[in-house]
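As provided, data.cif (mmCIF, C-alpha atoms) reads as follows.
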```cif
data_input
#
loop_
_atom_site.label_atom_id
_atom_site.label_comp_id
_atom_site.auth_asym_id
_atom_site.auth_seq_id
_atom_site.Cartn_x
_atom_site.Cartn_y
_atom_site.Cartn_z
CA MET A 1 1.54 -6.07 -7.96
CA ASN A 2 -1.10 -6.31 -5.30
CA LYS A 3 -4.04 -3.98 -5.37
CA LEU A 4 -4.22 -2.68 -1.84
CA CYS A 5 -7.39 -2.64 0.28
CA GLN A 6 -7.48 -1.18 3.76
CA TYR A 7 -5.07 -2.76 6.23
CA PHE A 8 -5.81 -4.94 8.17
CA SER A 9 -8.04 -7.15 5.97
CA CYS A 10 -9.19 -10.70 6.62
CA ILE A 11 -11.91 -13.19 5.72
CA ILE A 12 -13.90 -15.18 8.28
CA THR A 13 -15.63 -18.30 7.00
CA LYS A 14 -18.70 -20.23 8.14
CA ASP A 15 -16.55 -22.54 10.29
CA LEU A 16 -15.46 -19.36 12.19
CA LYS A 17 -11.93 -19.67 10.86
CA VAL A 18 -10.11 -16.42 10.06
CA HIS A 19 -8.06 -16.23 6.88
CA TRP A 20 -5.38 -13.55 6.44
CA SER A 21 -2.05 -13.31 4.66
CA THR A 22 1.37 -11.76 5.17
CA LYS A 23 1.41 -11.18 1.39
CA THR A 24 -1.63 -8.98 0.81
CA ALA A 25 -4.22 -6.65 2.29
CA ASN A 26 -6.71 -7.40 -0.48
CA HIS A 27 -9.94 -9.32 0.15
CA GLU A 28 -10.26 -10.65 -3.38
CA GLU A 29 -6.74 -12.06 -3.32
CA LEU A 30 -7.50 -13.71 0.02
CA LEU A 31 -10.64 -15.30 -1.45
CA ALA A 32 -8.62 -16.62 -4.39
CA GLU A 33 -6.01 -17.99 -1.99
CA ILE A 34 -8.59 -19.98 0.01
CA LYS A 35 -10.49 -20.89 -3.20
CA ILE A 36 -13.87 -19.37 -2.32
CA ASP A 37 -16.13 -17.96 -5.05
CA ASP A 38 -17.94 -14.70 -4.30
CA VAL A 39 -21.25 -15.67 -5.95
CA LYS A 40 -23.88 -15.81 -3.20
CA LEU A 41 -25.94 -12.68 -2.59
CA THR A 42 -27.44 -14.00 0.68
CA GLU A 43 -26.25 -16.44 3.33
CA ARG A 44 -22.67 -16.12 2.20
CA ASP A 45 -20.07 -18.63 3.36
CA PHE A 46 -17.70 -15.81 4.37
CA VAL A 47 -17.60 -12.24 5.62
CA ARG A 48 -15.02 -9.58 4.73
CA ILE A 49 -13.50 -7.81 7.74
CA GLU A 50 -11.29 -4.72 7.94
CA ILE A 51 -9.56 -3.43 11.07
CA THR A 52 -8.18 0.01 10.29
CA PRO A 53 -6.23 2.64 12.24
CA LYS A 54 -8.23 5.59 13.58
CA ASN A 55 -5.38 7.92 12.68
CA LYS A 56 -3.15 6.81 9.79
CA ASP A 57 -0.60 9.47 10.73
CA GLN A 58 -0.13 8.05 14.22
CA ILE A 59 -0.48 4.30 13.94
CA THR A 60 0.04 2.23 17.09
CA ARG A 61 -0.23 -1.42 18.15
CA ASN A 62 -2.88 -0.49 20.72
CA GLN A 63 -6.21 -2.16 19.89
CA ASP A 64 -8.11 0.90 21.14
CA ASP A 65 -6.55 2.92 18.28
CA TRP A 66 -8.08 0.69 15.60
CA ILE A 67 -11.63 0.35 14.25
CA PHE A 68 -13.40 -2.95 13.51
CA ASN A 69 -15.34 -2.77 10.23
CA VAL A 70 -17.63 -5.35 8.61
CA ASP A 71 -18.08 -5.17 4.84
CA GLU A 72 -21.63 -5.49 3.47
CA GLU A 73 -23.11 -5.19 6.97
CA ARG A 74 -26.70 -5.20 5.67
CA THR A 75 -26.37 -8.71 4.19
CA LEU A 76 -24.59 -10.49 7.03
CA PRO A 77 -25.32 -14.24 7.12
CA ASP A 78 -27.09 -15.76 10.13
CA TRP A 79 -24.06 -17.80 11.19
CA TYR A 80 -22.06 -14.59 11.67
CA GLU A 81 -24.74 -12.70 13.57
CA LYS A 82 -25.33 -15.69 15.89
CA ASN A 83 -21.58 -15.89 16.64
CA ILE A 84 -20.65 -12.22 16.43
CA ILE A 85 -18.61 -12.13 19.67
CA LYS A 86 -16.61 -15.22 18.69
CA CYS A 87 -16.07 -13.84 15.19
CA GLN A 88 -14.83 -10.48 16.43
CA LYS A 89 -12.52 -12.10 18.99
CA ALA A 90 -11.03 -14.39 16.31
CA CYS A 91 -10.48 -11.47 13.91
CA TRP A 92 -8.78 -9.36 16.59
CA GLN A 93 -6.46 -12.28 17.31
CA ALA A 94 -5.54 -12.47 13.61
CA TRP A 95 -4.92 -8.70 13.64
CA LYS A 96 -2.50 -9.12 16.57
CA GLU A 97 -0.58 -11.78 14.64
CA SER A 98 -0.44 -9.59 11.53
CA ILE A 99 0.80 -6.37 13.15
CA ALA A 100 3.79 -8.33 14.44
CA VAL A 101 5.01 -8.92 10.86
CA ASN A 102 3.16 -6.51 8.54
CA LEU A 103 3.53 -3.26 10.45
CA ALA A 104 6.51 -0.93 10.97
CA ILE A 105 5.97 2.13 13.18
CA GLY A 106 7.84 4.65 15.29
CA GLU A 107 11.59 4.35 14.73
CA GLU A 108 11.53 0.63 14.00
CA GLU A 109 13.93 -0.80 11.44
CA ILE A 110 12.76 -3.72 9.33
CA GLN A 111 14.02 -5.81 6.41
CA VAL A 112 11.39 -7.44 4.18
CA SER A 113 11.79 -9.70 1.17
CA ASP A 114 9.86 -12.02 -1.12
CA ASP A 115 6.04 -11.96 -0.93
CA ARG A 116 5.24 -9.49 1.83
CA PHE A 117 2.87 -6.60 2.43
CA LEU A 118 4.02 -3.85 4.79
CA LEU A 119 2.32 -0.81 6.29
CA ALA A 120 4.92 1.73 7.45
CA ASN A 121 4.37 4.83 9.55
CA GLY A 122 6.28 7.33 11.65
CA LYS A 123 10.08 7.34 11.25
CA ALA A 124 10.32 3.66 10.39
CA LYS A 125 13.24 2.53 8.22
CA VAL A 126 12.47 -0.14 5.64
CA VAL A 127 14.82 -2.16 3.43
CA ALA A 128 12.81 -4.12 0.86
CA SER A 129 13.73 -6.58 -1.88
CA GLY A 130 11.76 -8.98 -4.03
CA SER A 131 7.99 -8.76 -4.67
CA VAL A 132 7.21 -6.61 -1.64
CA SER A 133 4.22 -4.23 -1.47
CA ILE A 134 4.59 -1.18 0.83
CA LYS A 135 2.10 1.49 1.88
CA ALA A 136 3.85 4.33 3.75
CA TYR A 137 2.76 7.44 5.66
CA GLY A 138 4.73 10.03 7.61
CA SER A 139 8.52 10.42 7.49
CA VAL A 140 9.26 6.80 6.59
CA SER A 141 12.57 5.94 4.91
CA ILE A 142 12.50 3.17 2.28
CA LYS A 143 15.35 1.52 0.38
CA ALA A 144 13.93 -0.80 -2.28
CA SER A 145 15.26 -3.15 -4.96
CA GLY A 146 13.58 -5.73 -7.15
CA SER A 147 9.86 -5.78 -8.02
CA VAL A 148 8.79 -3.69 -5.04
CA SER A 149 5.50 -1.73 -5.18
CA ILE A 150 5.33 1.43 -3.04
CA GLU A 151 2.45 3.83 -2.34
CA ALA A 152 3.70 6.78 -0.28
CA SER A 153 2.29 10.01 1.15
CA GLY A 154 3.75 12.57 3.51
CA SER A 155 7.48 13.26 3.87
CA VAL A 156 8.53 9.74 2.85
CA SER A 157 12.08 9.22 1.54
CA ILE A 158 12.59 6.48 -1.09
CA GLU A 159 15.73 5.12 -2.74
CA ALA A 160 14.82 2.58 -5.42
CA SER A 161 16.57 0.40 -7.98
CA GLY A 162 15.37 -2.35 -10.26
CA SER A 163 11.76 -2.78 -11.45
CA VAL A 164 10.31 -0.80 -8.55
CA SER A 165 6.87 0.84 -8.98
CA ILE A 166 6.24 4.01 -6.94
CA LYS A 167 3.06 6.06 -6.50
CA ALA A 168 3.85 9.19 -4.46
CA TYR A 169 1.78 12.04 -2.99
CA GLY A 170 2.81 15.06 -0.93
CA SER A 171 6.39 15.99 -0.04
CA VAL A 172 7.90 12.62 -0.95
CA SER A 173 11.61 12.47 -1.89
CA ILE A 174 12.61 9.81 -4.45
CA LYS A 175 16.02 8.72 -5.75
CA ALA A 176 15.59 6.15 -8.53
CA PHE A 177 17.92 3.99 -10.62
CA ASP A 178 17.35 1.59 -13.54
CA SER A 179 13.83 0.54 -14.61
CA VAL A 180 11.86 2.30 -11.88
CA SER A 181 8.31 3.51 -12.64
CA ILE A 182 7.13 6.63 -10.78
CA GLU A 183 3.74 8.36 -10.65
CA ALA A 184 3.97 11.54 -8.56
CA SER A 185 1.71 14.41 -7.52
CA GLY A 186 2.18 17.26 -5.07
CA SER A 187 5.55 18.66 -3.97
CA VAL A 188 7.45 15.46 -4.80
CA SER A 189 11.22 15.64 -5.42
CA ILE A 190 12.64 13.06 -7.85
CA GLU A 191 16.23 12.30 -8.82
CA ALA A 192 16.32 9.65 -11.55
CA TYR A 193 19.07 7.74 -13.38
CA GLY A 194 18.84 5.00 -16.00
CA SER A 195 15.67 3.84 -17.78
CA VAL A 196 13.28 5.43 -15.29
CA SER A 197 9.68 6.25 -16.30
CA ILE A 198 8.08 9.26 -14.57
CA GLU A 199 4.52 10.65 -14.72
CA ALA A 200 4.31 13.86 -12.68
CA TYR A 201 1.56 16.33 -11.70
CA GLY A 202 1.64 19.48 -9.58
CA SER A 203 4.77 21.14 -8.15
CA VAL A 204 7.05 18.15 -8.76
CA SER A 205 10.83 18.69 -9.06
CA ILE A 206 12.73 16.25 -11.31
CA LYS A 207 16.46 15.81 -11.95
CA ALA A 208 17.03 13.13 -14.58
CA SER A 209 19.90 11.56 -16.52
CA GLY A 210 20.10 8.53 -18.79
CA SER A 211 17.21 7.10 -20.82
CA VAL A 212 14.54 8.62 -18.60
CA SER A 213 10.97 9.08 -19.89
CA ILE A 214 8.97 11.95 -18.34
CA GLU A 215 5.35 13.09 -18.81
CA ALA A 216 4.63 16.21 -16.76
CA SER A 217 1.81 18.68 -16.17
CA GLY A 218 1.41 21.60 -13.77
CA SER A 219 4.28 23.64 -12.29
CA VAL A 220 6.80 20.82 -12.74
CA SER A 221 10.53 21.67 -12.78
CA ILE A 222 12.80 19.36 -14.82
CA GLU A 223 16.58 19.29 -15.22
CA ALA A 224 17.56 16.61 -17.72
CA SER A 225 20.71 15.24 -19.38
CA GLY A 226 21.34 12.27 -21.66
CA SER A 227 18.70 10.57 -23.85
CA VAL A 228 15.76 11.90 -21.85
CA SER A 229 12.27 12.00 -23.39
CA ILE A 230 9.91 14.68 -22.03
CA LYS A 231 6.22 15.37 -22.71
CA ALA A 232 5.15 18.54 -20.91
CA PHE A 233 1.92 20.48 -20.39
CA ASP A 234 1.14 23.83 -18.69
CA SER A 235 3.85 25.79 -16.83
CA VAL A 236 6.60 23.16 -16.90
CA SER A 237 10.19 24.45 -16.52
CA ILE A 238 12.86 22.42 -18.39
CA LYS A 239 16.66 22.64 -18.39
CA ALA A 240 18.10 20.07 -20.78
CA SER A 241 21.43 18.91 -22.23
CA GLY A 242 22.36 16.00 -24.49
CA SER A 243 19.94 14.18 -26.83
CA VAL A 244 16.84 15.31 -24.96
CA SER A 245 13.48 14.99 -26.78
CA ILE A 246 10.84 17.50 -25.69
CA GLU A 247 7.17 17.79 -26.66
CA ALA A 248 5.56 20.79 -24.96
CA SER A 249 2.14 22.41 -24.99
#
```
Kindly present the structure from the file in structure tokens form.
Amino acid sequence: MNKLCQYFSCIITKDLKVHWSTKTANHEELLAEIKIDDVKLTERDFVRIEITPKNKDQITRNQDDWIFNVDEERTLPDWYEKNIIKCQKACWQAWKESIAVNLAIGEEEIQVSDDRFLLANGKAKVVASGSVSIKAYGSVSIKASGSVSIEASGSVSIEASGSVSIKAYGSVSIKAFDSVSIEASGSVSIEAYGSVSIEAYGSVSIKASGSVSIEASGSVSIEASGSVSIKAFDSVSIKASGSVSIEAS
């Protein structure tokens, strides 16, 4: 799974060429893709660039709503400073190309598959399959299958099956089947079936059946049936039936 940096991320090299990818928003993965070693402390052959939304809760495709950031600004190489206008113009052009394929906002509906990174916001509806990485804010709806990685905050709704990995914060609603892995904090609601693994903190509500594994702390509420395994700390509330294994402290 990709480790996510800030979207949009790109690399500009000494020849003033901008390198970005539909697959990742991670600078180190971009450097590996273009086979550049990050070893020089001065007069580097590349510069890391990030163009980020001013308000992640109201993302637009308007350039005025995004901020241009240069990493390691104090050690910029001469070639960049002498061509700063050209470099910025080239990076903004790459950003325009990326937001056409890596961004879902408003009430847009999008299907993504294979190697793809996606930033979703607003009431966007996303159907994802394959090795897709999604970062979602707002009331986004996501239906995922395969090795999808999701990081969600806000009132995001997720339905997942397969080897999906989910990290959720806030009032996220999750319905999970099969070998889904979930890490949740805040007022997250989870309904899980099959061999789902859940790690929960805060006021999380969990309804689980099948061979679900749960580790919970805080004011977590759990209703479990089947061969569920639960490890609980603090004021966890558990209602269980079947061959449920509980370790509580």
Report task. Determine the residue set returned by the PyMOL selection byres ((chain A and resi 31-38) around 12) for the present structure, and present it as a PyMOL selection string. Result -> chain A and resi 9-14+17-21+23-30+39-48
Query raised in the report: Which neighbours of Trp95 in chain A fall inside 8 Å, counting only C-alpha atoms, when residues of the same chain fewer than 3 positions from it are skipped, and could you give them as a ChimeraX atom specification?
Result: /A:8,51,91-92,98-99
Could you dump the residues just selected with C-alpha atoms as a JSON list (two decimals), keeping the file's coordinate frame?
```json
[["chain", "number", "residue", "atom", "x", "y", "z"],
["A", 8, "PHE", "CA", -5.81, -4.94, 8.17],
["A", 51, "ILE", "CA", -9.56, -3.43, 11.07],
["A", 91, "CYS", "CA", -10.48, -11.47, 13.91],
["A", 92, "TRP", "CA", -8.78, -9.36, 16.59],
["A", 98, "SER", "CA", -0.44, -9.59, 11.53],
["A", 99, "ILE", "CA", 0.80, -6.37, 13.15]]
```
Query raised in the report: What residues come out when you apply the PyMOL selection byres ((chain A and resi 134-140) around 8) to this file, written as a PyMOL selection string?
Result: chain A and resi 56-57+117-126+132-133+141-142+148-157
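Counting from CA of Ser131 in chain A, the distance to CA of Trp66 in chain A is 27.5 Å.
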Query raised in the report: Ser213 in chain A: which residues within 10 Å, counting all atoms listed in the file, same-chain residues fewer than 5 positions away excluded, as a list in words?
Result: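 Surrounding residues, per the criterion: Ser181, Ala192, Gly194, Ser195, Val196, Ser197, Ile198, Glu199, Ala208, Ser227, Val228, Ser229, Ile230, Lys231, Val244 and Ser245 of chain A.
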Query raised in the report: What is the CA of Phe177 in chain A to CA of Ile238 in chain A distance in Å?
Result: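 Computed distance, CA of Phe177 in chain A to CA of Ile238 in chain A, equals 20.6 Å.
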Query - A:Leu16, A:Val112, A:Ala94, A:Ala100 ranked by distance to Glu50 in chain A, top pick (using only C-alpha atoms) - result: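 The answer is A:Ala94, which sits nearest to Glu50 in chain A.
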Query - Distance of CA of Ser173 in chain A from CA of Ser221 in chain A, expressed in Å to one decimal place - result: 14.3 Å
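Take the candidates A:Ala104, A:Glu72, A:Glu223, A:Val180 and check each one against Thr60 in chain A using all atoms listed in the file; the shortest distance goes to A:Ala104.
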Query raised in the report: Is there a way to get, as a ChimeraX atom specification, all residues within 12 Å of the point (3.3, 16.9, -3.6) in file coordinates, counting all atoms listed in the file?
Result: /A:152-156,167-174,183-190,200-205,218-220
Requested in this report: Just the residues within 10 Å of Asp65 in chain A, please, counting only C-alpha atoms, with nothing from its chain fewer than 4 positions along; format it as a PyMOL selection string.
Outcome: chain A and resi 52-56+58-61
Query raised in the report: Care to translate the PyMOL selection byres ((chain A and resi 163) around 7) into actual residues of this file, as number ranges by chain?
Result: A: 146-147, 161-162, 164-165, 179-180
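Counting all atoms listed in the file and comparing A:Asp78, A:Asp64, A:Glu97, A:Asp234, the residue that lies closest to Glu215 in chain A is A:Asp234.
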